[in-house]
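Asks: Encoded as structure tokens, here's the structure I'll be asking about.
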Amino acid sequence: MTAQAAARLGFRAHIYTPGADDCGLQVADDFTVAAFDDIAALERFARSVDVVTYEFENIPAAAVDAIAAITPVYPGAAALRVTQNRVREKSLCLDENIPTAPWREVSGLDSPRAALAELGGAMILKTTEQGYDGKGQWKVDEQTSGRADEIWAEIFSNRHPGEGREPVRMIAEGIVKFDFEISVIAARGIDGEVKCYSPVRNEHRDHILWQTHAPAEISPALAARAEGYAKRLIEKLDIVGLLAVEMFVVGDDILVNEMAPRPHNSGHWTIEGATTSQFEQLVRAVTGMPLGDTAPRGKFVMTNLIGDEILRGAEIARAQDGIFHDYGKGVARPGRKMGHVTRKL
């Protein structure tokens, strides 16, 4: 979708990916299929383009470093190293006095038990990196703590033959009884200009984003605070591009949950629903163009098509009088986001 937006602005896209079946290759002008640790391929790619961005934060920062030595990469590796690690994200919020759920960094077999007591007898254990859509997360409370040794051994020890059983660092987060989740996508240009899209309300099913309601029906004061947090974070991280910030609304308070330095699923509604889509905005930001207008064109609902739902995508869109987007992914696995439908209310 970023490549399509780039084409409409007159730019050509060259995609670097380890996957020969990557759906982005369907719309790219050129592509390189190689591993993220293939330095020679990364350097050839870097010399063939004018500017680089990425749409997935779980890539080695070293790959970004290798490319940035030759051509500009936005966002930079420093921001990537923060946003791909939950402990660093939470630490940044702490430094900026931005509220989050209570949390502790944990490792080994003893500190999780201590964290459980400190966090009120219930917590979510998460991997510090690589987790998304509910993956790499475990709920632990007083009931499950009775088999603590089994849980800790399963979560905190490597089980690869020959690699021993070294503990893995994770984060323990207190369970927050929030009213609902919102997210804000901020954009920042090379000149430092920042624009935010209106906060949206997100609904999940089985830990996977199901629907985004845009804009969120919240008070102007809460909306301003949410946008303010996103603006502070994108500036502090010195990001050129996009930053999506997920937050919990708890009464009159907002807690920052996680962030991603890229286009975000909760921003897909902007293709039809905003004056400038998040994908066009990303292209504008990294190429030095002025940022576009983020104003919504009305009220919209974006519904993800998960797994086999993609087979009924056109039918669902007709029933909703909506717009159907098929991502062109080859295999409709359970839990995999295959497309979406956007409907104007």
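By convention here, the chains of the structure tokens are called A, B, ... in the order presented, each chain's residues are numbered starting at 1, and ligands are numbered starting at 1 in the order presented.
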Write out as a list in words each polymer residue whose atoms come within 10 Å of Leu222 of chain A, counting only C-alpha atoms; drop sequence neighbours fewer than 3 positions from it.

Replies: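 In the requested form, the answer reads Pro199, Glu217, Ile218, Ser219, Arg225, Ala226, Glu227, Gly228, Val249, Gly251, Asp252, Asp253 and Ile254 of chain A.
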
Asks: Write the residues of the preceding selection, restricted to N, CA and C atoms, as a JSON list (two decimals), in the first residue's frame.

Replies:
```json
[["chain", "number", "residue", "atom", "x", "y", "z"],
["A", 199, "PRO", "N", -7.54, 10.45, 17.01],
["A", 199, "PRO", "CA", -7.56, 9.17, 17.71],
["A", 199, "PRO", "C", -8.70, 8.29, 17.20],
["A", 217, "GLU", "N", -14.99, 8.36, 19.54],
["A", 217, "GLU", "CA", -15.95, 9.27, 20.19],
["A", 217, "GLU", "C", -15.49, 9.50, 21.63],
["A", 218, "ILE", "N", -14.54, 10.39, 21.77],
["A", 218, "ILE", "CA", -14.00, 10.75, 23.08],
["A", 218, "ILE", "C", -14.03, 12.26, 23.21],
["A", 219, "SER", "N", -13.82, 12.75, 24.41],
["A", 219, "SER", "CA", -13.88, 14.18, 24.64],
["A", 219, "SER", "C", -12.72, 14.88, 23.94],
["A", 225, "ARG", "N", -4.97, 15.17, 24.59],
["A", 225, "ARG", "CA", -3.92, 14.55, 25.39],
["A", 225, "ARG", "C", -3.28, 13.37, 24.65],
["A", 226, "ALA", "N", -4.11, 12.57, 23.99],
["A", 226, "ALA", "CA", -3.59, 11.43, 23.24],
["A", 226, "ALA", "C", -2.69, 11.89, 22.11],
["A", 227, "GLU", "N", -3.12, 12.91, 21.38],
["A", 227, "GLU", "CA", -2.29, 13.44, 20.30],
["A", 227, "GLU", "C", -1.02, 14.06, 20.85],
["A", 228, "GLY", "N", -1.13, 14.68, 22.01],
["A", 228, "GLY", "CA", 0.06, 15.28, 22.64],
["A", 228, "GLY", "C", 1.10, 14.24, 22.99],
["A", 249, "VAL", "N", -7.72, 3.89, 27.42],
["A", 249, "VAL", "CA", -8.53, 4.91, 28.08],
["A", 249, "VAL", "C", -9.09, 4.30, 29.35],
["A", 251, "GLY", "N", -11.22, 5.75, 32.29],
["A", 251, "GLY", "CA", -11.92, 6.91, 32.82],
["A", 251, "GLY", "C", -11.45, 8.18, 32.13],
["A", 252, "ASP", "N", -10.93, 9.10, 32.91],
["A", 252, "ASP", "CA", -10.41, 10.35, 32.36],
["A", 252, "ASP", "C", -8.90, 10.30, 32.14],
["A", 253, "ASP", "N", -8.32, 9.12, 32.25],
["A", 253, "ASP", "CA", -6.87, 8.97, 32.09],
["A", 253, "ASP", "C", -6.55, 8.21, 30.80],
["A", 254, "ILE", "N", -5.33, 8.39, 30.33],
["A", 254, "ILE", "CA", -4.82, 7.68, 29.16],
["A", 254, "ILE", "C", -3.48, 7.06, 29.52]]
```

Asks: Taking 3 positions as the minimum chain separation for residues in the same chain, which residues sit within 12 Å of segment 36-42 of chain A when counting only C-alpha atoms? Answer as a count of residues only.

Replies: 28

Asks: So, counting only C-alpha atoms, which residue among A:Val51, A:Val250, A:Leu125, A:Ile310 is closest to Ile182 of chain A?

Replies: A:Val250

Asks: With only C-alpha atoms as the counted atoms, please give the residues lying no more than 9 Å from Phe324 of chain A, apart from itself and same-chain residues fewer than 6 positions off, as a list in words.

Replies: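 Here the answer would be Gly313, Ala314, Ile316, Ala317, Arg318, Gly339, His340, Val341 and Thr342 of chain A.
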
Asks: May I have all residues of segment 65-310 of chain A that DSSP, computed from the backbone, assigns to alpha helix (DSSP H), given as a PyMOL selection string?

Replies: chain A and resi 65-68+77-83+86-95+111-118+148-156+220-236+270-273+278-287

Asks: What would the file look like if the residues just selected were written as a PDB file, in the first residue's frame with C-alpha atoms?

Replies:
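Listing of again-v2.pdb after writing:
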```pdb
ATOM      1  CA  ASP A  65      22.787   0.574   9.954  1.00  0.00           C
ATOM      2  CA  ALA A  66      24.270  -1.072   6.854  1.00  0.00           C
ATOM      3  CA  ILE A  67      21.853   0.716   4.535  1.00  0.00           C
ATOM      4  CA  ALA A  68      22.141   4.060   6.339  1.00  0.00           C
ATOM      5  CA  ALA A  77      18.105   2.740  13.644  1.00  0.00           C
ATOM      6  CA  ALA A  78      18.081   4.497  17.029  1.00  0.00           C
ATOM      7  CA  ALA A  79      14.281   4.817  16.948  1.00  0.00           C
ATOM      8  CA  LEU A  80      13.979   1.241  15.698  1.00  0.00           C
ATOM      9  CA  ARG A  81      16.007  -0.102  18.615  1.00  0.00           C
ATOM     10  CA  VAL A  82      13.617   1.571  21.057  1.00  0.00           C
ATOM     11  CA  THR A  83      10.330   0.683  19.393  1.00  0.00           C
ATOM     12  CA  ARG A  86       8.951  -3.173  25.095  1.00  0.00           C
ATOM     13  CA  VAL A  87      11.257  -2.362  28.022  1.00  0.00           C
ATOM     14  CA  ARG A  88      12.881   0.484  26.094  1.00  0.00           C
ATOM     15  CA  GLU A  89       9.458   1.785  25.057  1.00  0.00           C
ATOM     16  CA  LYS A  90       8.203   1.807  28.630  1.00  0.00           C
ATOM     17  CA  SER A  91      11.452   3.385  29.845  1.00  0.00           C
ATOM     18  CA  LEU A  92      11.075   6.181  27.292  1.00  0.00           C
ATOM     19  CA  CYS A  93       7.553   6.883  28.542  1.00  0.00           C
ATOM     20  CA  LEU A  94       8.832   6.891  32.116  1.00  0.00           C
ATOM     21  CA  ASP A  95      11.535   9.406  31.208  1.00  0.00           C
ATOM     22  CA  SER A 111      12.119 -11.907  39.649  1.00  0.00           C
ATOM     23  CA  PRO A 112       8.829 -13.012  37.988  1.00  0.00           C
ATOM     24  CA  ARG A 113       7.512 -14.154  41.366  1.00  0.00           C
ATOM     25  CA  ALA A 114       8.545 -10.853  42.908  1.00  0.00           C
ATOM     26  CA  ALA A 115       6.889  -8.960  40.034  1.00  0.00           C
ATOM     27  CA  LEU A 116       3.671 -10.917  40.543  1.00  0.00           C
ATOM     28  CA  ALA A 117       3.500  -9.721  44.148  1.00  0.00           C
ATOM     29  CA  GLU A 118       4.445  -6.141  43.243  1.00  0.00           C
ATOM     30  CA  ALA A 148       5.150 -21.356  38.898  1.00  0.00           C
ATOM     31  CA  ASP A 149       8.147 -23.595  38.280  1.00  0.00           C
ATOM     32  CA  GLU A 150       6.499 -25.057  35.179  1.00  0.00           C
ATOM     33  CA  ILE A 151       5.525 -21.625  33.854  1.00  0.00           C
ATOM     34  CA  TRP A 152       8.923 -20.067  34.460  1.00  0.00           C
ATOM     35  CA  ALA A 153      10.756 -23.026  32.933  1.00  0.00           C
ATOM     36  CA  GLU A 154       8.574 -22.832  29.845  1.00  0.00           C
ATOM     37  CA  ILE A 155       8.772 -19.076  29.376  1.00  0.00           C
ATOM     38  CA  PHE A 156      12.210 -18.093  30.602  1.00  0.00           C
ATOM     39  CA  PRO A 220     -11.802  16.905  22.981  1.00  0.00           C
ATOM     40  CA  ALA A 221      -9.618  16.999  26.106  1.00  0.00           C
ATOM     41  CA  LEU A 222      -8.810  13.276  25.899  1.00  0.00           C
ATOM     42  CA  ALA A 223      -8.185  13.515  22.159  1.00  0.00           C
ATOM     43  CA  ALA A 224      -5.792  16.424  22.662  1.00  0.00           C
ATOM     44  CA  ARG A 225      -3.918  14.551  25.390  1.00  0.00           C
ATOM     45  CA  ALA A 226      -3.590  11.429  23.241  1.00  0.00           C
ATOM     46  CA  GLU A 227      -2.287  13.435  20.296  1.00  0.00           C
ATOM     47  CA  GLY A 228       0.056  15.277  22.635  1.00  0.00           C
ATOM     48  CA  TYR A 229       1.602  12.019  23.837  1.00  0.00           C
ATOM     49  CA  ALA A 230       2.095  10.823  20.259  1.00  0.00           C
ATOM     50  CA  LYS A 231       3.663  14.144  19.269  1.00  0.00           C
ATOM     51  CA  ARG A 232       6.087  14.092  22.215  1.00  0.00           C
ATOM     52  CA  LEU A 233       7.128  10.517  21.484  1.00  0.00           C
ATOM     53  CA  ILE A 234       7.719  11.002  17.755  1.00  0.00           C
ATOM     54  CA  GLU A 235       9.799  14.098  18.480  1.00  0.00           C
ATOM     55  CA  LYS A 236      11.769  12.453  21.278  1.00  0.00           C
ATOM     56  CA  THR A 270      -7.298   6.596   6.172  1.00  0.00           C
ATOM     57  CA  ILE A 271      -7.105   5.268   2.593  1.00  0.00           C
ATOM     58  CA  GLU A 272     -10.746   6.240   2.063  1.00  0.00           C
ATOM     59  CA  GLY A 273     -11.426   8.115   5.287  1.00  0.00           C
ATOM     60  CA  GLN A 278      -1.175   7.165   6.233  1.00  0.00           C
ATOM     61  CA  PHE A 279       0.690   5.538   3.329  1.00  0.00           C
ATOM     62  CA  GLU A 280       0.863   8.731   1.275  1.00  0.00           C
ATOM     63  CA  GLN A 281       1.847  10.580   4.443  1.00  0.00           C
ATOM     64  CA  LEU A 282       4.770   8.211   4.986  1.00  0.00           C
ATOM     65  CA  VAL A 283       5.993   8.784   1.434  1.00  0.00           C
ATOM     66  CA  ARG A 284       5.611  12.532   1.829  1.00  0.00           C
ATOM     67  CA  ALA A 285       7.536  12.515   5.107  1.00  0.00           C
ATOM     68  CA  VAL A 286      10.569  10.484   4.000  1.00  0.00           C
ATOM     69  CA  THR A 287      10.923  12.231   0.623  1.00  0.00           C
TER      70      THR A 287
END
```

Asks: Set the distance at 8 Å and use only C-alpha atoms: which residues neighbour Ile175 of chain A once local chain neighbours fewer than 4 positions away are removed? I'd like the list as a list in words.

Replies: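 Here the qualifying residues turn out to be Ala101, Ala122, Met123 and Ile124 of chain A.
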
Asks: Ala295 of chain A: which residues within 8 Å, counting only C-alpha atoms, same-chain residues fewer than 5 positions away excluded, as a PyMOL selection string?

Replies: chain A and resi 197-198+274-276

Asks: Skipping near chain neighbours, those fewer than 2 positions away, what residues fall within 8 Å of Arg336 of chain A using only C-alpha atoms, listed as a list in words?

Replies: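 After dropping sequence-adjacent residues, the list is Ile306, Gly307, Ala332, Arg333, Pro334 and Met338 of chain A.
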
Asks: Could you pull the residues within 6 Å of segment 10-12 of chain A, counting only C-alpha atoms, minus those fewer than 3 positions along the same chain, as a compact mmCIF listing (two decimals) with N, CA and C atoms, in the first residue's frame?

Replies:
```txt
# COMPACT_ATOMS: atom_id res chain seq x y z
N ALA A 6 3.19 5.68 -3.25
CA ALA A 6 4.38 6.30 -3.85
C ALA A 6 4.19 6.49 -5.34
N ALA A 7 3.61 5.49 -6.00
CA ALA A 7 3.40 5.58 -7.44
C ALA A 7 2.48 6.75 -7.80
N ASP A 29 8.25 -1.62 -8.49
CA ASP A 29 8.96 -1.42 -9.74
C ASP A 29 10.20 -2.31 -9.81
```
